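Structure file work.pdb (PDB, C-alpha atoms, pLDDT in the B column) follows.
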ATOM      1  CA  MET S 949      95.615 158.777 121.632  1.00 54.00           C
ATOM      2  CA  ALA S 950      92.726 156.328 121.676  1.00 54.00           C
ATOM      3  CA  SER S 951      91.427 157.704 118.395  1.00 54.00           C
ATOM      4  CA  SER S 952      94.842 157.284 116.728  1.00 55.00           C
ATOM      5  CA  GLN S 953      94.973 153.650 117.931  1.00 52.00           C
ATOM      6  CA  LEU S 954      91.487 153.080 116.581  1.00 46.00           C
ATOM      7  CA  VAL S 955      92.484 154.530 113.191  1.00 48.00           C
ATOM      8  CA  LEU S 956      95.614 152.335 113.158  1.00 47.00           C
ATOM      9  CA  ILE S 957      93.616 149.185 113.936  1.00 52.00           C
ATOM     10  CA  ALA S 958      90.973 150.048 111.310  1.00 50.00           C
ATOM     11  CA  SER S 959      93.619 150.688 108.650  1.00 54.00           C
ATOM     12  CA  LEU S 960      95.370 147.382 109.468  1.00 47.00           C
ATOM     13  CA  LEU S 961      92.082 145.507 109.151  1.00 49.00           C
ATOM     14  CA  LEU S 962      91.386 147.157 105.803  1.00 50.00           C
ATOM     15  CA  ALA S 963      94.917 146.385 104.594  1.00 52.00           C
ATOM     16  CA  VAL S 964      94.442 142.724 105.434  1.00 49.00           C
ATOM     17  CA  ALA S 965      90.864 142.473 104.177  1.00 49.00           C
ATOM     18  CA  PHE S 966      91.277 144.370 100.882  1.00 48.00           C
ATOM     19  CA  PRO S 967      93.630 141.806  99.224  1.00 49.00           C
ATOM     20  CA  LEU S 968      91.305 139.003 100.328  1.00 44.00           C
ATOM     21  CA  ILE S 969      88.288 140.718  98.802  1.00 43.00           C
ATOM     22  CA  THR S 970      90.051 141.351  95.483  1.00 45.00           C
ATOM     23  CA  ALA S 971      91.611 137.875  95.378  1.00 45.00           C
ATOM     24  CA  TYR S 972      88.298 136.061  95.787  1.00 46.00           C
ATOM     25  CA  GLY S 973      85.950 138.569  94.213  1.00 47.00           C
ATOM     26  CA  LYS S 974      82.403 137.328  94.506  1.00 51.00           C
ATOM     27  CA  ALA S 975      81.734 134.102  96.324  1.00 49.00           C
ATOM     28  CA  PRO S 976      81.009 131.324  93.792  1.00 50.00           C
ATOM     29  CA  ALA S 977      77.302 130.763  93.313  1.00 53.00           C
ATOM     30  CA  LYS S 978      76.054 127.354  94.354  1.00 52.00           C
ATOM     31  CA  SER S 979      75.179 125.258  91.304  1.00 52.00           C
ATOM     32  CA  THR S 980      71.490 124.437  91.156  1.00 58.00           C
ATOM     33  CA  GLU S 981      71.633 123.044  87.629  1.00 67.00           C
ATOM     34  CA  LYS S 982      70.192 119.547  87.423  1.00 59.00           C
ATOM     35  CA  THR S 983      72.127 116.903  85.500  1.00 69.00           C
ATOM     36  CA  SER S 984      70.001 114.488  83.472  1.00 72.00           C
ATOM     37  CA  GLN S 985      71.367 111.293  82.051  1.00 86.00           C
ATOM     38  CA  VAL S 986      70.227 108.331  79.972  1.00 89.00           C
ATOM     39  CA  VAL S 987      71.338 104.925  81.277  1.00 92.00           C
ATOM     40  CA  VAL S 988      70.969 101.444  79.784  1.00 95.00           C
ATOM     41  CA  GLU S 989      70.963  98.368  81.997  1.00 96.00           C
ATOM     42  CA  GLY S 990      70.971  94.669  81.221  1.00 97.00           C
ATOM     43  CA  MET S 991      72.592  91.288  81.862  1.00 98.00           C
ATOM     44  CA  VAL S 992      74.942  89.052  79.875  1.00 98.00           C
ATOM     45  CA  TYR S 993      74.934  85.278  80.417  1.00 97.00           C
ATOM     46  CA  CYS S 994      76.580  82.081  79.258  1.00 97.00           C
ATOM     47  CA  GLN S 995      73.730  79.934  77.979  1.00 96.00           C
ATOM     48  CA  SER S 996      73.838  76.322  79.130  1.00 94.00           C
ATOM     49  CA  CYS S 997      74.219  73.541  76.581  1.00 91.00           C
ATOM     50  CA  ASP S 998      70.817  72.203  77.684  1.00 90.00           C
ATOM     51  CA  ASN S 999      69.171  75.179  75.960  1.00 89.00           C
ATOM     52  CA  TYR S1000      71.298  75.228  72.803  1.00 84.00           C
ATOM     53  CA  GLY S1001      69.292  76.551  69.852  1.00 86.00           C
ATOM     54  CA  SER S1002      66.631  78.270  71.969  1.00 91.00           C
ATOM     55  CA  TRP S1003      66.231  81.637  73.666  1.00 92.00           C
ATOM     56  CA  SER S1004      65.934  80.039  77.095  1.00 93.00           C
ATOM     57  CA  LEU S1005      68.331  81.231  79.763  1.00 94.00           C
ATOM     58  CA  SER S1006      67.391  78.557  82.266  1.00 93.00           C
ATOM     59  CA  GLY S1007      70.596  77.411  83.960  1.00 92.00           C
ATOM     60  CA  ALA S1008      72.602  80.259  82.421  1.00 95.00           C
ATOM     61  CA  LYS S1009      75.520  81.784  84.331  1.00 97.00           C
ATOM     62  CA  PRO S1010      76.318  85.532  84.352  1.00 97.00           C
ATOM     63  CA  ILE S1011      79.492  86.619  82.554  1.00 97.00           C
ATOM     64  CA  ALA S1012      81.734  89.158  84.278  1.00 97.00           C
ATOM     65  CA  ALA S1013      83.627  91.614  82.024  1.00 97.00           C
ATOM     66  CA  ALA S1014      81.542  90.824  78.929  1.00 98.00           C
ATOM     67  CA  LYS S1015      81.424  93.695  76.448  1.00 98.00           C
ATOM     68  CA  VAL S1016      78.404  95.136  74.698  1.00 98.00           C
ATOM     69  CA  SER S1017      78.069  98.171  72.464  1.00 97.00           C
ATOM     70  CA  ILE S1018      75.383 100.800  72.309  1.00 96.00           C
ATOM     71  CA  ILE S1019      74.846 102.410  68.933  1.00 95.00           C
ATOM     72  CA  CYS S1020      72.453 105.314  68.420  1.00 92.00           C
ATOM     73  CA  LYS S1021      71.568 106.783  65.052  1.00 89.00           C
ATOM     74  CA  ASN S1022      69.943 110.126  64.400  1.00 86.00           C
ATOM     75  CA  HIS S1023      66.817 110.620  62.300  1.00 83.00           C
ATOM     76  CA  MET S1024      69.013 110.722  59.169  1.00 86.00           C
ATOM     77  CA  ARG S1025      70.361 107.219  60.048  1.00 88.00           C
ATOM     78  CA  ARG S1026      73.836 108.509  60.868  1.00 90.00           C
ATOM     79  CA  VAL S1027      75.623 107.199  63.947  1.00 92.00           C
ATOM     80  CA  SER S1028      75.286 109.864  66.621  1.00 89.00           C
ATOM     81  CA  PHE S1029      76.563 107.814  69.569  1.00 92.00           C
ATOM     82  CA  TYR S1030      78.715 104.705  69.916  1.00 95.00           C
ATOM     83  CA  LYS S1031      80.394 103.274  72.973  1.00 96.00           C
ATOM     84  CA  ALA S1032      81.343  99.839  74.288  1.00 97.00           C
ATOM     85  CA  PHE S1033      80.621  98.987  77.907  1.00 97.00           C
ATOM     86  CA  GLN S1034      81.683  96.147  80.191  1.00 98.00           C
ATOM     87  CA  THR S1035      79.569  94.170  82.653  1.00 97.00           C
ATOM     88  CA  ASP S1036      80.448  94.065  86.345  1.00 97.00           C
ATOM     89  CA  LYS S1037      81.445  90.949  88.320  1.00 97.00           C
ATOM     90  CA  ASN S1038      77.795  89.795  88.349  1.00 97.00           C
ATOM     91  CA  GLY S1039      77.251  90.136  84.593  1.00 97.00           C
ATOM     92  CA  TYR S1040      75.232  93.335  85.128  1.00 97.00           C
ATOM     93  CA  LEU S1041      75.489  96.167  82.618  1.00 97.00           C
ATOM     94  CA  PHE S1042      75.022  99.767  83.795  1.00 95.00           C
ATOM     95  CA  ALA S1043      75.843 102.027  80.858  1.00 94.00           C
ATOM     96  CA  PRO S1044      75.469 105.809  81.217  1.00 93.00           C
ATOM     97  CA  LEU S1045      75.191 107.358  77.754  1.00 91.00           C
ATOM     98  CA  GLU S1046      77.411 110.360  78.503  1.00 90.00           C
ATOM     99  CA  GLY S1047      77.503 112.635  75.478  1.00 86.00           C
ATOM    100  CA  PHE S1048      74.276 111.295  73.937  1.00 83.00           C
ATOM    101  CA  LYS S1049      72.401 114.166  72.296  1.00 80.00           C
ATOM    102  CA  MET S1050      68.958 114.284  70.736  1.00 73.00           C
ATOM    103  CA  GLY S1051      68.598 116.515  67.686  1.00 71.00           C
ATOM    104  CA  ASN S1052      64.887 115.775  67.349  1.00 69.00           C
ATOM    105  CA  SER S1053      63.068 115.014  70.606  1.00 67.00           C
ATOM    106  CA  TYR S1054      60.939 112.246  69.086  1.00 66.00           C
ATOM    107  CA  LEU S1055      62.974 110.809  66.220  1.00 68.00           C
ATOM    108  CA  ASP S1056      66.326 110.813  68.060  1.00 68.00           C
ATOM    109  CA  HIS S1057      64.845 109.549  71.323  1.00 81.00           C
ATOM    110  CA  PRO S1058      66.829 106.614  72.837  1.00 83.00           C
ATOM    111  CA  LEU S1059      63.821 104.284  72.554  1.00 82.00           C
ATOM    112  CA  HIS S1060      63.771 104.775  68.800  1.00 81.00           C
ATOM    113  CA  SER S1061      67.389 105.430  67.900  1.00 88.00           C
ATOM    114  CA  CYS S1062      69.576 103.158  70.080  1.00 92.00           C
ATOM    115  CA  ARG S1063      70.424  99.456  69.784  1.00 95.00           C
ATOM    116  CA  VAL S1064      72.531  97.214  72.033  1.00 97.00           C
ATOM    117  CA  LYS S1065      74.763  94.447  70.624  1.00 97.00           C
ATOM    118  CA  LEU S1066      77.111  91.837  72.010  1.00 97.00           C
ATOM    119  CA  VAL S1067      80.810  92.573  71.408  1.00 98.00           C
ATOM    120  CA  ASP S1068      83.008  90.144  73.361  1.00 97.00           C
ATOM    121  CA  SER S1069      83.040  87.432  76.001  1.00 97.00           C
ATOM    122  CA  PRO S1070      86.140  86.986  78.168  1.00 98.00           C
ATOM    123  CA  LEU S1071      85.331  83.287  78.625  1.00 97.00           C
ATOM    124  CA  LYS S1072      87.130  81.065  76.114  1.00 95.00           C
ATOM    125  CA  ASN S1073      84.698  78.222  76.871  1.00 94.00           C
ATOM    126  CA  CYS S1074      81.652  80.458  76.250  1.00 95.00           C
ATOM    127  CA  ASP S1075      82.356  82.980  73.511  1.00 96.00           C
ATOM    128  CA  VAL S1076      79.992  82.150  70.639  1.00 96.00           C
ATOM    129  CA  PHE S1077      77.449  84.898  69.960  1.00 96.00           C
ATOM    130  CA  THR S1078      73.743  84.101  70.195  1.00 95.00           C
ATOM    131  CA  ASN S1079      70.865  86.229  68.992  1.00 95.00           C
ATOM    132  CA  VAL S1080      68.979  85.764  72.275  1.00 96.00           C
ATOM    133  CA  ASN S1081      67.003  88.993  72.667  1.00 96.00           C
ATOM    134  CA  TYR S1082      68.646  90.275  69.461  1.00 96.00           C
ATOM    135  CA  GLY S1083      72.181  90.382  70.874  1.00 96.00           C
ATOM    136  CA  ILE S1084      73.662  90.019  67.363  1.00 97.00           C
ATOM    137  CA  THR S1085      71.269  92.061  65.244  1.00 96.00           C
ATOM    138  CA  GLY S1086      70.753  94.826  67.816  1.00 96.00           C
ATOM    139  CA  ALA S1087      68.283  94.907  70.676  1.00 96.00           C
ATOM    140  CA  PRO S1088      65.962  97.882  71.013  1.00 95.00           C
ATOM    141  CA  LEU S1089      65.688  99.605  74.379  1.00 94.00           C
ATOM    142  CA  ARG S1090      62.715  99.063  76.672  1.00 94.00           C
ATOM    143  CA  PHE S1091      61.319 101.799  78.880  1.00 91.00           C
ATOM    144  CA  LEU S1092      60.591 100.471  82.366  1.00 86.00           C
ATOM    145  CA  ASP S1093      59.478 103.749  83.964  1.00 86.00           C
ATOM    146  CA  LYS S1094      62.536 103.537  86.206  1.00 85.00           C
ATOM    147  CA  THR S1095      64.340 106.714  87.291  1.00 87.00           C
ATOM    148  CA  LEU S1096      67.130 107.444  89.763  1.00 84.00           C
ATOM    149  CA  ARG S1097      66.666 110.820  91.417  1.00 86.00           C
ATOM    150  CA  ARG S1098      69.050 112.801  93.608  1.00 83.00           C
ATOM    151  CA  SER S1099      69.048 116.489  94.500  1.00 84.00           C
ATOM    152  CA  ASN S1100      70.990 117.582  91.385  1.00 84.00           C
ATOM    153  CA  TYR S1101      70.916 114.368  89.338  1.00 82.00           C
ATOM    154  CA  GLU S1102      68.350 112.384  87.445  1.00 86.00           C
ATOM    155  CA  ALA S1103      68.910 109.224  85.393  1.00 88.00           C
ATOM    156  CA  VAL S1104      66.237 107.733  83.167  1.00 88.00           C
ATOM    157  CA  ILE S1105      66.951 104.018  82.926  1.00 93.00           C
ATOM    158  CA  TYR S1106      66.192 101.875  79.895  1.00 93.00           C
ATOM    159  CA  ALA S1107      66.681  98.109  79.658  1.00 95.00           C
ATOM    160  CA  ALA S1108      68.000  95.781  76.970  1.00 96.00           C
ATOM    161  CA  GLY S1109      68.532  92.045  76.895  1.00 92.00           C
ATOM    162  CA  PRO S1110      69.258  89.802  78.721  1.00 97.00           C
ATOM    163  CA  PHE S1111      71.887  88.651  76.241  1.00 97.00           C
ATOM    164  CA  ALA S1112      73.813  85.407  75.974  1.00 97.00           C
ATOM    165  CA  PHE S1113      76.930  83.819  74.605  1.00 97.00           C
ATOM    166  CA  ARG S1114      77.110  80.030  74.338  1.00 95.00           C
ATOM    167  CA  PRO S1115      79.839  77.392  74.433  1.00 95.00           C
ATOM    168  CA  ALA S1116      81.486  76.571  71.088  1.00 92.00           C
ATOM    169  CA  TYR S1117      80.913  72.881  71.679  1.00 91.00           C
ATOM    170  CA  CYS S1118      77.901  71.285  73.277  1.00 86.00           C
ATOM    171  CA  PRO S1119      77.817  67.474  73.352  1.00 84.00           C
ATOM    172  CA  PRO S1120      74.850  65.983  71.527  1.00 81.00           C
ATOM    173  CA  LYS S1121      71.857  65.188  73.666  1.00 75.00           C
ATOM    174  CA  PRO S1122      71.355  61.463  74.132  1.00 77.00           C
ATOM    175  CA  GLU S1123      68.339  60.057  72.336  1.00 80.00           C
ATOM    176  CA  TYR S1124      66.295  57.474  74.207  1.00 74.00           C
TER     177      TYR S1124
END
With the file now loaded, output its structure as structure tokens.
Amino acid sequence: MASSQLVLIASLLLAVAFPLITAYGKAPAKSTEKTSQVVVEGMVYCQSCDNYGSWSLSGAKPIAAAKVSIICKNHMRRVSFYKAFQTDKNGYLFAPLEGFKMGNSYLDHPLHSCRVKLVDSPLKNCDVFTNVNYGITGAPLRFLDKTLRRSNYEAVIYAAGPFAFRPAYCPPKPEY
């Protein structure tokens, strides 16, 4: 009798366990693939009227929600990446280039192929483009040897700017 109870218990356990084994199959393997990303950082300011006509950002105020674009071209001068990004509440730009691909490791490298340009200022009293740090013509990226590292993530950070918009009207400076 004990052996028949043991067989019954074993068959019940198999009946319960077999659908679970077939439903799940193999346990999913833990992903050890490392994600690498290119990121561009910078700042966007409103240049003070005191520095009108110069590249000085002395007295400048950061612009929240300013837009800049990042344009990358491949070694055949065709656009391979374009995206507009917005600054945070402190005027800081952190732009991950998701989808950026290099066809040629040297010629299509972000340092050589990408440029950053001003797009839009949300401030009506400070929305005139300036070419401070080539914000109009396109600023090249700078490598600062700065990397964010996590267990399965790595971001190589490049810098551009700082950029500036200026007020449409600045009163003339008094002459003494």
message = Which residues are close to range 995-1008 of chain S, i.e. within 10 Å by all atoms listed in the file, leaving aside same-chain residues fewer than 6 positions away? Reply as a ChimeraX atom specification.
response = /S:1074,1076,1078-1082,1110-1121
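Applied to this file, the PyMOL selection byres ((chain S and resi 1107) around 8) selects S:Val988, S:Glu989, S:Gly990, S:Leu1089, S:Arg1090, S:Phe1091, S:Leu1092, S:Ile1105, S:Tyr1106, S:Ala1108, S:Gly1109.
The shortest atom-to-atom distance to Tyr1040 in chain S, with all atoms listed in the file taken into account, belongs to S:Ile1011 out of S:Val1067, S:Val986, S:Ile1011, S:Ile1018.
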inquiry  = Starting from the PyMOL selection byres ((chain S and resi 1017) around 9), expand the selection into actual residues of this file and give them as JSON, numbers by chain.
reply    = {"S": [1015, 1016, 1018, 1019, 1030, 1031, 1032, 1033, 1034, 1063, 1064, 1065, 1066, 1067]}
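One finds CA of Phe1048 in chain S at 20.4 Å from CA of Arg1098 in chain S.
Nearest to Glu1102 in chain S of all the residues S:Phe1077, S:Pro1044, S:His1023, S:Gly1051 is S:Pro1044, counting all atoms listed in the file.
Of the residues under consideration (S:Ser1061, S:Asp1068, S:Tyr993, S:Ile1084), S:Ser1061 shows the shortest atom-to-atom contact distance to Ser1028 in chain S when counting only C-alpha atoms.
Taking all atoms listed in the file into account, Met991 in chain S lies nearest to S:Gly1083 out of the set S:Gly1083, S:Pro1070, S:Pro1058, S:Pro1088.
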Near-Met1050 in chain S list (12 Å; only C-alpha atoms; drop same-chain fewer than 5 positions) as a compact mmCIF listing (two decimals) with C-alpha atoms, keeping the file's coordinate frame:
# COMPACT_ATOMS: atom_id res chain seq x y z
CA GLN S 985 71.37 111.29 82.05
CA VAL S 986 70.23 108.33 79.97
CA CYS S 1020 72.45 105.31 68.42
CA LYS S 1021 71.57 106.78 65.05
CA ASN S 1022 69.94 110.13 64.40
CA HIS S 1023 66.82 110.62 62.30
CA VAL S 1027 75.62 107.20 63.95
CA SER S 1028 75.29 109.86 66.62
CA PHE S 1029 76.56 107.81 69.57
CA LEU S 1045 75.19 107.36 77.75
CA LEU S 1055 62.97 110.81 66.22
CA ASP S 1056 66.33 110.81 68.06
CA HIS S 1057 64.84 109.55 71.32
CA PRO S 1058 66.83 106.61 72.84
CA LEU S 1059 63.82 104.28 72.55
CA HIS S 1060 63.77 104.78 68.80
CA SER S 1061 67.39 105.43 67.90
CA CYS S 1062 69.58 103.16 70.08
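Going from CA of Lys1037 in chain S over to CA of Asn1073 in chain S, you cover 17.4 Å.
Comparing the minimum interatomic distances between Leu1041 in chain S and each of S:Cys994, S:Ala1087, S:Ala1012, S:Ser1099, counting only C-alpha atoms, we find that S:Ala1012 sits nearest.
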Because the input lacks atoms here, generate N, CA, C and O atoms for range 996-1009 of chain S and report them as a CSV table (one decimal), keeping the file's coordinate frame.
chain,number,residue,atom,x,y,z
S,996,SER,N,73.5,77.7,78.9
S,996,SER,CA,73.8,76.3,79.1
S,996,SER,C,73.6,75.5,77.9
S,996,SER,O,72.8,75.8,77.0
S,997,CYS,N,74.4,74.4,77.7
S,997,CYS,CA,74.2,73.5,76.6
S,997,CYS,C,72.8,72.9,76.5
S,997,CYS,O,72.4,72.5,75.4
S,998,ASP,N,72.2,72.8,77.7
S,998,ASP,CA,70.8,72.2,77.7
S,998,ASP,C,69.8,73.0,76.9
S,998,ASP,O,68.8,72.5,76.4
S,999,ASN,N,70.1,74.3,76.7
S,999,ASN,CA,69.2,75.2,76.0
S,999,ASN,C,69.7,75.6,74.6
S,999,ASN,O,69.2,76.6,74.0
S,1000,TYR,N,70.7,74.9,74.1
S,1000,TYR,CA,71.3,75.2,72.8
S,1000,TYR,C,70.2,75.3,71.7
S,1000,TYR,O,69.3,74.5,71.6
S,1001,GLY,N,70.3,76.4,70.9
S,1001,GLY,CA,69.3,76.6,69.9
S,1001,GLY,C,68.0,77.2,70.3
S,1001,GLY,O,67.1,77.4,69.4
S,1002,SER,N,67.9,77.6,71.5
S,1002,SER,CA,66.6,78.3,72.0
S,1002,SER,C,67.0,79.6,72.6
S,1002,SER,O,68.2,80.0,72.7
S,1003,TRP,N,66.0,80.4,73.0
S,1003,TRP,CA,66.2,81.6,73.7
S,1003,TRP,C,66.1,81.5,75.2
S,1003,TRP,O,66.2,82.4,75.9
S,1004,SER,N,66.1,80.3,75.7
S,1004,SER,CA,65.9,80.0,77.1
S,1004,SER,C,67.3,80.3,77.8
S,1004,SER,O,68.3,79.9,77.3
S,1005,LEU,N,67.2,81.0,78.9
S,1005,LEU,CA,68.3,81.2,79.8
S,1005,LEU,C,68.3,80.4,81.1
S,1005,LEU,O,69.0,80.8,82.0
S,1006,SER,N,67.5,79.4,81.1
S,1006,SER,CA,67.4,78.6,82.3
S,1006,SER,C,68.7,77.9,82.5
S,1006,SER,O,69.3,77.3,81.6
S,1007,GLY,N,69.3,78.0,83.7
S,1007,GLY,CA,70.6,77.4,84.0
S,1007,GLY,C,71.8,78.2,83.5
S,1007,GLY,O,72.9,77.8,83.6
S,1008,ALA,N,71.5,79.4,82.9
S,1008,ALA,CA,72.6,80.3,82.4
S,1008,ALA,C,73.4,80.9,83.6
S,1008,ALA,O,72.8,81.1,84.7
S,1009,LYS,N,74.6,81.2,83.3
S,1009,LYS,CA,75.5,81.8,84.3
S,1009,LYS,C,75.9,83.2,83.9
S,1009,LYS,O,76.3,83.4,82.7
